[in-house]
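Engineer: Have a look at this one before I ask anything.
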Amino acid sequence: MTPVRARAERAVNTLGYSLVTGFAGAAVGAVTGGLGWALAVGGASAVAGGQVGRSRPDSSTRHHARLTAATADQLGPLRRDGWHLLHARPVGQDTDRVYHLCVPPSAHLVVVAMDWAGWPKGAHVTRDEDGAIFAGYADPEVAVEWVLQAADAVGQALGSERKALGTVGLAQVLPVHGASVDNRGHVQVHRDHAGESREMNVVQGGALADKMRSVPAGVDRRTRRTAWSITQFLDATFP
């Protein structure tokens, strides 16, 4: 949803709630105290209704919240395997975009995942031989860039604590809901970014936990402690 459309929707919400609550308040005032009370109660109700309308989330916000909740639910089983999961974390300057930060018990990397609302419902997500991602009429490259930028921010933060946390790698994931993903639910591409080749994983929502379980690395008591320390640091850095 564009900023103009979002503002328009909030304006409609405000007007609608003002009218409905205003008329209802006026009706109550007329019954209980006549015309004067009708105007007073109706006006106060309209103001209150307008405030409710302005604070009501627009459809884009509600849709993103549903996507975030769906991904959080599908990642949940990883906790039983020792993963630490942080959900709905704003990373970078645009606080409207939130991310999942996932730390495996091996502590060797952080998976940065973002729910993109642009996947067309019912589309088939695939890639061509040149590595371009196709998803119906949508262009997922903007989402790819956002995740890479967020991963940069996470990497820079971790780098500032390398002495305490060690060298921590990064992985980027775009979960897909409402569309199907080729290659048994996992399409992998590479992008040149910040002078290096970066891997991007487009994963069907229902396959997230299984695909992330396949991340290879050794796990012992030391790595589990480090994974917890990394999670505590990310939790404080990206609240």
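Naming works like this for the structure tokens: A, B, ... for the chains as they're shown, residue 1 at the start of each chain, ligands 1 onward in shown order.
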Fewer than 6 positions away in the same chain doesn't count, so skip those; otherwise give me all residues within 10 Å of Val215 of chain A, counting only C-alpha atoms, as a count of residues only.

Structural biologist: 5

Engineer: Pick the closest to Trp83 of chain A from A:Ala236, A:Leu208, A:Val103, A:Val98: which is it, counting only C-alpha atoms?

Structural biologist: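 Under the stated criterion, the closest residue is A:Val103.
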
Engineer: Give me the residues near Thr68 of chain A as a ChimeraX atom specification, where near means some atom within 9 Å (using only C-alpha atoms) and where sequence neighbours in that chain fewer than 3 positions away do not count.

Structural biologist: /A:63-65,71-73,87-88,98-100,114-115

Engineer: Which one is closest to Gln204 of chain A: A:Val125, A:Val154, A:Val189, A:Leu85? Count only C-alpha atoms.

Structural biologist: A:Val125

Engineer: Figure out the distance between atom CA of Asp81 of chain A and atom CA of Asp210 of chain A, please, to one decimal in Å.

Structural biologist: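 Between atom CA of Asp210 of chain A and atom CA of Asp81 of chain A the gap is 11.2 Å.
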